[in-house]
file target_0.txt (compact mmCIF, C-alpha atoms)
# COMPACT_ATOMS: atom_id res chain seq x y z
CA MET A 27 -13.57 7.59 6.90
CA PRO A 28 -10.23 9.23 6.12
CA ARG A 29 -10.09 11.10 2.84
CA GLY A 30 -7.11 13.02 1.53
CA ARG A 31 -4.28 13.38 -0.91
CA TYR A 32 -0.73 12.07 -1.16
CA SER A 33 2.01 13.36 -3.42
CA LEU A 34 4.20 10.64 -4.95
CA HIS A 35 7.88 11.24 -5.71
CA ASP A 36 10.83 9.30 -7.03
CA PRO A 37 12.46 8.18 -3.74
CA HIS A 38 15.94 8.73 -5.16
CA ASP A 39 15.87 12.10 -6.94
CA HIS A 40 12.52 13.37 -5.50
CA THR A 41 11.02 14.06 -8.92
CA LEU A 42 7.25 14.51 -8.63
CA LEU A 43 5.47 11.51 -10.16
CA GLY A 44 1.91 12.56 -9.43
CA GLU A 45 -0.76 12.58 -6.75
CA GLU A 46 -3.06 9.99 -5.21
CA HIS A 47 -6.52 11.10 -4.04
CA PHE A 48 -7.83 8.50 -1.61
CA HIS A 49 -10.48 7.48 0.84
CA CYS A 50 -10.45 4.41 3.07
CA ALA A 51 -12.48 2.88 5.88
CA THR A 52 -12.54 0.02 8.34
CA GLY A 53 -15.53 -2.28 8.53
CA PRO A 54 -16.74 -5.38 10.35
CA SER A 55 -14.86 -7.65 7.95
CA GLY A 56 -11.68 -5.65 7.31
CA TRP A 57 -10.52 -2.51 5.49
CA ARG A 58 -10.97 -0.96 2.05
CA TYR A 59 -8.88 1.67 0.26
CA VAL A 60 -9.89 3.37 -2.99
CA SER A 61 -7.90 6.02 -4.86
CA GLN A 62 -7.50 7.84 -8.14
CA LEU A 63 -4.05 8.79 -9.44
CA THR A 64 -3.04 11.81 -11.49
CA ASP A 65 0.22 12.59 -13.26
CA PRO A 66 2.21 15.84 -12.67
CA ALA A 67 0.05 17.58 -15.29
CA GLY A 68 -3.09 16.65 -13.39
CA GLU A 69 -4.29 14.05 -15.90
CA HIS A 70 -5.80 10.77 -14.70
CA SER A 71 -3.16 8.04 -14.69
CA GLY A 72 -4.59 5.10 -12.77
CA SER A 73 -6.51 3.81 -9.77
CA VAL A 74 -6.22 1.54 -6.74
CA ASP A 75 -8.96 -0.54 -5.10
CA LEU A 76 -7.74 -2.78 -2.27
CA THR A 77 -9.81 -4.72 0.27
CA LEU A 78 -8.28 -6.58 3.21
CA ASP A 79 -9.93 -9.08 5.51
CA ASP A 80 -9.70 -8.71 9.28
CA LEU A 81 -6.34 -10.53 9.31
CA GLY A 82 -4.82 -8.15 6.75
CA ARG A 83 -4.97 -10.55 3.81
CA PRO A 84 -5.85 -9.10 0.40
CA ILE A 85 -9.25 -10.45 -0.56
CA ARG A 86 -9.61 -8.11 -3.55
CA LEU A 87 -7.13 -5.98 -5.47
CA GLU A 88 -7.72 -3.99 -8.64
CA LEU A 89 -4.97 -1.76 -10.03
CA ARG A 90 -5.04 0.32 -13.18
CA ALA A 91 -2.09 2.16 -14.72
CA ALA A 92 -1.52 3.28 -18.30
CA ASN A 93 -2.96 0.51 -20.45
CA TRP A 94 -2.75 -2.28 -17.86
CA ARG A 95 -5.00 -3.72 -15.19
CA ILE A 96 -4.31 -6.11 -12.31
CA ARG A 97 -6.98 -8.09 -10.51
CA GLY A 98 -5.76 -10.22 -7.63
CA ALA A 99 -6.45 -11.86 -4.28
CA ALA A 100 -4.94 -14.12 -1.65
CA LEU A 101 -5.55 -17.58 -3.15
CA ASP A 102 -3.00 -20.41 -3.01
CA GLY A 103 -0.51 -17.77 -1.90
CA VAL A 104 -1.46 -14.83 -4.09
CA THR A 105 -3.06 -15.06 -7.51
CA TRP A 106 -3.61 -12.36 -10.10
CA VAL A 107 -4.61 -11.64 -13.69
CA ARG A 108 -2.77 -8.93 -15.65
CA SER A 109 -4.57 -7.65 -18.71
CA ASP A 110 -5.00 -4.77 -21.11
CA PRO A 111 -8.14 -2.60 -20.64
CA MET A 112 -10.12 -4.64 -23.18
CA GLY A 113 -9.17 -7.95 -21.55
CA GLU A 114 -7.84 -9.35 -24.81
CA HIS A 115 -4.34 -10.15 -23.57
CA ALA A 116 -4.76 -11.59 -20.09
CA GLN A 117 -1.98 -13.40 -18.24
CA GLU A 118 -2.59 -15.31 -15.03
CA GLY A 119 0.02 -15.47 -12.29
CA ASN A 120 0.49 -17.12 -8.92
CA ALA A 121 3.23 -16.94 -6.30
CA ALA A 122 3.89 -18.43 -2.89
CA ALA A 123 3.73 -14.99 -1.30
CA HIS A 124 1.83 -13.39 1.57
CA SER A 125 0.45 -10.25 -0.10
CA PHE A 126 0.92 -7.57 -2.75
CA THR A 127 2.87 -4.32 -2.82
CA GLY A 128 3.43 -1.41 -5.19
CA ALA A 129 3.75 2.35 -5.40
CA SER A 130 0.51 3.18 -3.55
CA PRO A 131 0.60 4.07 0.16
CA ALA A 132 -2.20 1.52 0.56
CA PHE A 133 0.31 -1.31 0.37
CA LEU A 134 2.35 -0.03 3.32
CA ILE A 135 -0.76 0.00 5.48
CA ALA A 136 -1.70 -3.44 4.21
CA THR A 137 1.69 -4.97 5.01
CA ALA A 138 1.77 -3.44 8.49
CA ARG A 139 -1.75 -4.76 9.09
CA LEU A 140 -0.79 -8.24 7.89
CA LEU A 141 2.36 -8.50 10.01
CA ARG A 142 1.39 -6.49 13.13
CA PRO A 143 4.90 -6.56 14.60
CA ALA A 144 5.15 -5.77 18.31
CA LEU A 145 7.56 -3.22 19.75
CA GLY A 146 10.80 -4.95 20.69
CA ASP A 147 10.18 -8.05 18.58
CA ARG A 148 12.67 -9.21 15.98
CA ALA A 149 12.02 -8.17 12.40
CA THR A 150 9.37 -10.20 10.58
CA ARG A 151 10.12 -11.35 7.05
CA VAL A 152 7.44 -11.24 4.38
CA ARG A 153 7.31 -12.22 0.69
CA LEU A 154 5.37 -9.84 -1.55
CA VAL A 155 4.44 -9.58 -5.22
CA ALA A 156 5.09 -6.03 -6.44
CA PHE A 157 3.23 -4.31 -9.27
CA THR A 158 4.96 -1.10 -10.33
CA PRO A 159 3.45 1.47 -12.71
CA PRO A 160 3.26 2.07 -15.56
CA VAL A 161 3.27 -1.51 -16.87
CA LEU A 162 2.36 -3.35 -13.62
CA ALA A 163 4.65 -6.28 -14.36
CA PRO A 164 4.82 -8.65 -11.36
CA ARG A 165 8.02 -9.03 -9.35
CA THR A 166 8.43 -11.13 -6.21
CA LEU A 167 10.49 -9.61 -3.40
CA ASP A 168 11.24 -10.15 0.28
CA GLN A 169 11.13 -7.51 3.00
CA SER A 170 11.53 -7.53 6.76
CA TRP A 171 9.50 -5.25 9.01
CA ALA A 172 10.16 -4.23 12.62
CA LEU A 173 8.21 -1.82 14.80
CA SER A 174 10.83 0.65 16.04
CA ASP A 175 8.65 3.14 17.94
CA SER A 176 5.06 3.95 18.92
CA GLU A 177 4.26 7.41 20.20
CA ALA A 178 0.96 9.08 21.14
CA HIS A 179 0.40 12.68 20.05
CA ALA A 180 -2.35 14.88 21.50
CA THR A 181 -4.92 16.13 18.96
CA ASP A 182 -8.33 17.82 19.09
CA ASN A 183 -9.87 14.39 18.49
CA GLY A 184 -7.91 12.62 21.21
CA PRO A 185 -4.51 10.92 21.17
CA LEU A 186 -3.11 9.93 17.78
CA VAL A 187 -0.73 6.97 17.94
CA VAL A 188 2.06 7.06 15.35
CA HIS A 189 3.81 3.77 14.61
CA SER A 190 7.30 3.89 13.11
CA TYR A 191 8.54 0.85 11.21
CA GLN A 192 12.00 -0.08 9.97
CA VAL A 193 11.65 -1.79 6.60
CA ASN A 194 14.53 -3.73 5.06
CA GLU A 195 14.70 -4.83 1.43
CA VAL A 196 16.23 -8.28 1.81
CA GLU A 197 17.71 -8.50 -1.70
CA THR A 198 19.49 -5.13 -1.65
CA GLY A 199 19.93 -4.47 2.08
CA GLU A 200 18.32 -1.05 1.63
CA GLN A 201 16.57 0.22 4.76
CA HIS A 202 13.95 2.90 5.18
CA ALA A 203 11.44 4.17 7.73
CA VAL A 204 7.66 4.15 7.39
CA HIS A 205 5.44 6.20 9.73
CA LEU A 206 1.77 5.25 10.00
CA ALA A 207 -1.16 6.54 12.03
CA GLY A 208 -4.05 4.11 11.80
CA ASP A 209 -4.80 3.72 8.10
CA VAL A 210 -2.91 6.81 6.94
CA VAL A 211 0.76 7.03 5.87
CA LEU A 212 2.32 10.09 7.49
CA ALA A 213 5.73 9.68 5.87
CA ALA A 214 7.59 7.11 3.78
CA PRO A 215 10.14 7.18 0.94
CA GLY A 216 8.52 8.82 -2.07
CA ILE A 217 5.24 9.51 -0.23
CA GLU A 218 4.09 12.76 1.38
CA LEU A 219 0.69 13.32 2.96
CA GLU A 220 -0.47 16.66 1.54
CA ASP A 221 -4.06 16.84 2.79
CA LEU A 222 -6.28 14.91 5.22
CA GLU A 223 -9.91 15.83 5.70
CA SER A 224 -10.69 13.57 8.66
CA PRO A 225 -8.71 11.65 11.30
CA PRO A 226 -7.27 8.21 10.52
CA SER A 227 -9.31 5.14 11.34
CA VAL A 228 -8.11 3.14 14.33
CA PHE A 229 -7.58 -0.58 13.76
CA ASP A 230 -8.52 -3.01 16.50
CA GLN A 231 -5.65 -5.17 17.68
CA GLY A 232 -7.44 -8.48 17.30
call {"tool": "encode", "arguments": {"input": "target_0.txt", "output": "structure tokens"}}
result
Amino acid sequence: MPRGRYSLHDPHDHTLLGEEHFHCATGPSGWRYVSQLTDPAGEHSGSVDLTLDDLGRPIRLELRAANWRIRGAALDGVTWVRSDPMGEHAQEGNAAAHSFTGASPAFLIATARLLRPALGDRATRVRLVAFTPPVLAPRTLDQSWALSDSEAHATDNGPLVVHSYQVNEVETGEQHAVHLAGDVVLAAPGIELEDLESPPSVFDQG
């Protein structure tokens, strides 16, 4: 069960936004990722709890940031409820989208798991609902993902396969690279892996 720490930065000016302390694991029915977020001063600033089924679909999402909470799942596309911590001001939402995304590294792993592009295939387009801290307001966006490289690296625990993806933001044309090893993000815009206590989990290819 991988456990570690990411630092989160503004992808444009590299300002430190905080850290994400995480653990995640695969299971017979899918994958779960849980994390706690801290701001640059080390104060708690939110949390992520995401569960995927074996096909990479989000069967449970709970996000917390500032004074907002999101609870969502794949249902009639994707469905969510956005509320304040006391649940007094809840707003339901639904979109004809495939999954969720946001600032957490968890969402990069989730999208890659959902799409599973093969090396050499054309880019796969996906519609996502993004929740961005601190207010977690929903925004629907389209991306395309292509697997650009897969390379095995020798480690003390056996070969570690690193998958490199080219991600394109359809609306803006912006492109960036995402590097994953199993269920750990090695590098992506605004995300740096600072500490990893155990090797990444290996997904089956079913």
call {"tool": "atom_distance", "arguments": {"input": "target_0.txt", "atom1": "atom CA of Val104 of chain A", "atom2": "atom CA of Pro131 of chain A"}}
result
19.5 Å
call {"tool": "residues_around", "arguments": {"input": "target_0.txt", "residues": "Leu81 of chain A", "least_positions_apart": "6", "cutoff": "8 Å", "atoms": "all atoms listed in the file", "output": "ChimeraX atom specification"}}
result
/A:56,139-140
call {"tool": "residues_around", "arguments": {"input": "target_0.txt", "residues": "Ser109 of chain A", "least_positions_apart": "6", "cutoff": "9 Å", "atoms": "only C-alpha atoms", "output": "number ranges by chain"}}
result
A: 93-97, 115-118
call {"tool": "residues_around", "arguments": {"input": "target_0.txt", "residues": "Thr137 of chain A", "least_positions_apart": "5", "cutoff": "8 Å", "atoms": "only C-alpha atoms", "output": "compact mmCIF listing (two decimals) with C-alpha atoms, in the coordinates of the input"}}
result
# COMPACT_ATOMS: atom_id res chain seq x y z
CA GLY A 82 -4.82 -8.15 6.75
CA SER A 125 0.45 -10.25 -0.10
CA THR A 127 2.87 -4.32 -2.82
call {"tool": "atom_distance", "arguments": {"input": "target_0.txt", "atom1": "atom CA of Leu78 of chain A", "atom2": "atom CA of Ala136 of chain A"}}
result
7.4 Å
call {"tool": "atom_distance", "arguments": {"input": "target_0.txt", "atom1": "atom CA of Pro66 of chain A", "atom2": "atom CA of Gly30 of chain A"}}
result
17.2 Å
call {"tool": "residues_around", "arguments": {"input": "target_0.txt", "residues": "segment 186-191 of chain A", "least_positions_apart": "4", "cutoff": "6 Å", "atoms": "only C-alpha atoms", "output": "number ranges by chain"}}
result
A: 172-179, 203-207
call {"tool": "closest_residue", "arguments": {"input": "target_0.txt", "among": "A:Asp221, A:His47, A:Pro160, A:Trp57", "to": "Gly208 of chain A", "atoms": "only C-alpha atoms"}}
result
A:Trp57
call {"tool": "residues_around", "arguments": {"input": "target_0.txt", "residues": "His40 of chain A", "least_positions_apart": "3", "cutoff": "12 Å", "atoms": "all atoms listed in the file", "output": "list of chain:residue names"}}
result
A:Ser33, A:Leu34, A:His35, A:Asp36, A:Pro37, A:Leu43, A:Gly44, A:Pro215, A:Gly216, A:Ile217, A:Glu218
call {"tool": "closest_residue", "arguments": {"input": "target_0.txt", "among": "A:Asp75, A:Asp147, A:Glu197, A:Asp39", "to": "Leu89 of chain A", "atoms": "only C-alpha atoms"}}
result
A:Asp75
call {"tool": "closest_residue", "arguments": {"input": "target_0.txt", "among": "A:Ile135, A:Thr41, A:Arg151, A:Ser227", "to": "Ala213 of chain A", "atoms": "only C-alpha atoms"}}
result
A:Ile135
call {"tool": "closest_residue", "arguments": {"input": "target_0.txt", "among": "A:Val74, A:Ala92, A:Leu154, A:Val161", "to": "Phe126 of chain A", "atoms": "all atoms listed in the file"}}
result
A:Leu154
call {"tool": "closest_residue", "arguments": {"input": "target_0.txt", "among": "A:Arg83, A:His49, A:Arg165, A:His38", "to": "Leu222 of chain A", "atoms": "all atoms listed in the file"}}
result
A:His49
call {"tool": "closest_residue", "arguments": {"input": "target_0.txt", "among": "A:Glu223, A:Gly119, A:Glu46, A:Thr52", "to": "Glu69 of chain A", "atoms": "all atoms listed in the file"}}
result
A:Glu46
